[in-house]
Amino acid sequence: MRLNRILLSTALVVVALVVQVTVLARLHLPGAVPDPLLLVVVGLALVHGHTNGAVIGFCAGLLADIAPPADHATGRYALVLCVIGYLVGLARPETGKLRSATVPMLVVVAAAVGSTLLYAGVGSLVGDTAARNVGLTSLVFTAALYDLLLAPFVVPLVMAMARRVQPDPLSADGPSTMGGSRTNRVGGQRAGLRTGLRRPSRLKGVKRL
């Protein structure tokens, strides 16, 4: 990851975490808490791919693990977002451009459901039964609903900023166009060389010295 990618990703993760902890967590909505941090990871993974998505997800989750008022084991959410970032990055198209808004919305729903189930599963392994007491079905439904409602305001903005700072060479026509123009120039030079070599034989009636 280059420096501009790192700076942008860090800024987006920090802003999302601050909004989640200081604003959304205090709304006391029924069920789960809206997770803009997850949406930032989804948006960045859709632009930068699965490897960078896993790295961004791990760092974002680790920051959420140590940020107060975290009450779970350190590394738990880092593992969840690392897996989610990797899987979401696999949905990135080869061209780097999404032709429809349906794909990001489906990815957001799958990420919300998957992260909730994975978080609860890891919690059960370490003896945390909070999700079971609240109701896993309710958590999954509300997490998917809240994140889906929040996604149109977060994911497109994150993806646009990521592409603006670091355009994806796969989605640009520059390399292929440059390659084609270079080929044409070489071909034109060769054709001109052949023409120049043949030109003396075509000159008739020229007085030789």
# chains A, B, ... in the order shown; residues from 1 in each chain; ligands from 1

call {"tool": "residues_around", "arguments": {"residues": "His72 (chain A)", "least_positions_apart": "2", "cutoff": "12 Å", "atoms": "only C-alpha atoms", "output": "JSON list (two decimals) with N, CA and C atoms, in the first residue's frame"}}
result
[["chain", "number", "residue", "atom", "x", "y", "z"],
["A", 61, "GLY", "N", -10.18, -3.22, 12.85],
["A", 61, "GLY", "CA", -10.73, -4.02, 13.95],
["A", 61, "GLY", "C", -9.88, -3.95, 15.20],
["A", 62, "LEU", "N", -8.56, -3.93, 15.02],
["A", 62, "LEU", "CA", -7.68, -3.84, 16.19],
["A", 62, "LEU", "C", -7.84, -2.49, 16.88],
["A", 64, "ALA", "N", -10.58, -0.76, 16.91],
["A", 64, "ALA", "CA", -11.86, -0.84, 17.63],
["A", 64, "ALA", "C", -11.74, -1.69, 18.89],
["A", 65, "ASP", "N", -10.86, -2.69, 18.88],
["A", 65, "ASP", "CA", -10.68, -3.54, 20.05],
["A", 65, "ASP", "C", -10.08, -2.80, 21.24],
["A", 66, "ILE", "N", -9.20, -1.85, 20.94],
["A", 66, "ILE", "CA", -8.51, -1.17, 22.04],
["A", 66, "ILE", "C", -9.13, 0.19, 22.37],
["A", 67, "ALA", "N", -10.08, 0.64, 21.54],
["A", 67, "ALA", "CA", -10.71, 1.94, 21.79],
["A", 67, "ALA", "C", -11.76, 1.80, 22.88],
["A", 68, "PRO", "N", -11.76, 2.67, 23.87],
["A", 68, "PRO", "CA", -12.80, 2.61, 24.90],
["A", 68, "PRO", "C", -14.15, 2.99, 24.29],
["A", 69, "PRO", "N", -15.24, 2.43, 24.77],
["A", 69, "PRO", "CA", -15.36, 1.51, 25.93],
["A", 69, "PRO", "C", -15.44, 0.05, 25.51],
["A", 70, "ALA", "N", -14.41, -0.46, 24.83],
["A", 70, "ALA", "CA", -14.40, -1.85, 24.39],
["A", 70, "ALA", "C", -14.44, -2.79, 25.59],
["A", 74, "THR", "N", -9.19, -8.38, 23.15],
["A", 74, "THR", "CA", -8.44, -7.69, 22.09],
["A", 74, "THR", "C", -8.10, -8.67, 20.97],
["A", 75, "GLY", "N", -8.37, -8.24, 19.76],
["A", 75, "GLY", "CA", -8.12, -9.07, 18.59],
["A", 75, "GLY", "C", -9.36, -9.75, 18.05],
["A", 76, "ARG", "N", -10.44, -9.69, 18.80],
["A", 76, "ARG", "CA", -11.66, -10.37, 18.37],
["A", 76, "ARG", "C", -12.27, -9.70, 17.13],
["A", 77, "TYR", "N", -12.46, -8.39, 17.21],
["A", 77, "TYR", "CA", -13.03, -7.68, 16.06],
["A", 77, "TYR", "C", -12.00, -7.52, 14.95],
["A", 78, "ALA", "N", -10.72, -7.52, 15.29],
["A", 78, "ALA", "CA", -9.67, -7.47, 14.26],
["A", 78, "ALA", "C", -9.75, -8.71, 13.37],
["A", 119, "TYR", "N", -18.53, -12.67, 14.74],
["A", 119, "TYR", "CA", -18.22, -12.07, 16.04],
["A", 119, "TYR", "C", -18.84, -12.88, 17.17],
["A", 120, "ALA", "N", -20.09, -13.32, 16.98],
["A", 120, "ALA", "CA", -20.74, -14.14, 18.00],
["A", 120, "ALA", "C", -20.07, -15.50, 18.11],
["A", 122, "VAL", "N", -16.85, -16.26, 17.46],
["A", 122, "VAL", "CA", -15.58, -16.11, 18.17],
["A", 122, "VAL", "C", -15.83, -15.86, 19.65],
["A", 123, "GLY", "N", -16.88, -15.10, 19.96],
["A", 123, "GLY", "CA", -17.21, -14.84, 21.36],
["A", 123, "GLY", "C", -17.58, -16.10, 22.11],
["A", 124, "SER", "N", -18.30, -17.00, 21.45],
["A", 124, "SER", "CA", -18.66, -18.25, 22.12],
["A", 124, "SER", "C", -17.44, -19.11, 22.40],
["A", 126, "VAL", "N", -14.54, -17.96, 23.29],
["A", 126, "VAL", "CA", -13.80, -17.39, 24.42],
["A", 126, "VAL", "C", -14.69, -17.20, 25.64],
["A", 127, "GLY", "N", -15.91, -17.74, 25.59],
["A", 127, "GLY", "CA", -16.79, -17.70, 26.75],
["A", 127, "GLY", "C", -17.68, -16.48, 26.86],
["A", 128, "ASP", "N", -17.81, -15.69, 25.80],
["A", 128, "ASP", "CA", -18.67, -14.51, 25.82],
["A", 128, "ASP", "C", -20.05, -14.91, 25.28],
["A", 129, "THR", "N", -21.05, -14.89, 26.13],
["A", 129, "THR", "CA", -22.40, -15.32, 25.75],
["A", 129, "THR", "C", -23.36, -14.13, 25.65],
["A", 130, "ALA", "N", -22.82, -12.93, 25.48],
["A", 130, "ALA", "CA", -23.68, -11.74, 25.43],
["A", 130, "ALA", "C", -24.62, -11.79, 24.23],
["A", 131, "ALA", "N", -24.10, -12.23, 23.08],
["A", 131, "ALA", "CA", -24.95, -12.30, 21.89],
["A", 131, "ALA", "C", -26.08, -13.29, 22.07]]

call {"tool": "closest_residue", "arguments": {"among": "A:Leu106, A:Ile56, A:Val18, A:Leu125", "to": "Cys82 (chain A)", "atoms": "only C-alpha atoms"}}
result
A:Ile56

call {"tool": "residues_around", "arguments": {"residues": "Gly43 (chain A)", "least_positions_apart": "4", "cutoff": "9 Å", "atoms": "only C-alpha atoms", "output": "list in words"}}
result
Leu38, Leu39, Val47, His48, Val88, Pro104, Val154, Val155, Pro156, Leu157, Val158, Met159, Ala160 and Ala162 of chain A

call {"tool": "write_last_selection", "arguments": {"atoms": "C-alpha atoms", "output": "JSON list (two decimals), in the first residue's frame"}}
result
[["chain", "number", "residue", "atom", "x", "y", "z"],
["A", 38, "LEU", "CA", -17.53, -2.08, 8.71],
["A", 39, "LEU", "CA", -18.86, 0.02, 5.81],
["A", 47, "VAL", "CA", -11.56, -0.62, -4.50],
["A", 48, "HIS", "CA", -8.20, -2.01, -3.35],
["A", 88, "VAL", "CA", -15.31, -8.47, 0.23],
["A", 104, "PRO", "CA", -22.31, -3.04, -3.07],
["A", 154, "VAL", "CA", -20.92, 5.84, 3.36],
["A", 155, "VAL", "CA", -19.85, 3.20, 0.82],
["A", 156, "PRO", "CA", -20.10, 5.29, -2.40],
["A", 157, "LEU", "CA", -18.28, 8.19, -0.74],
["A", 158, "VAL", "CA", -15.50, 5.95, 0.54],
["A", 159, "MET", "CA", -15.08, 4.29, -2.86],
["A", 160, "ALA", "CA", -15.03, 7.63, -4.68],
["A", 162, "ALA", "CA", -10.27, 5.88, -2.65]]

call {"tool": "residues_around", "arguments": {"residues": "region 23-37 of chain A", "least_positions_apart": "3", "cutoff": "7 Å", "atoms": "only C-alpha atoms", "output": "JSON, numbers by chain"}}
result
{"A": [13, 16, 17, 19, 20, 40, 41, 138, 139, 142, 143, 146, 147]}
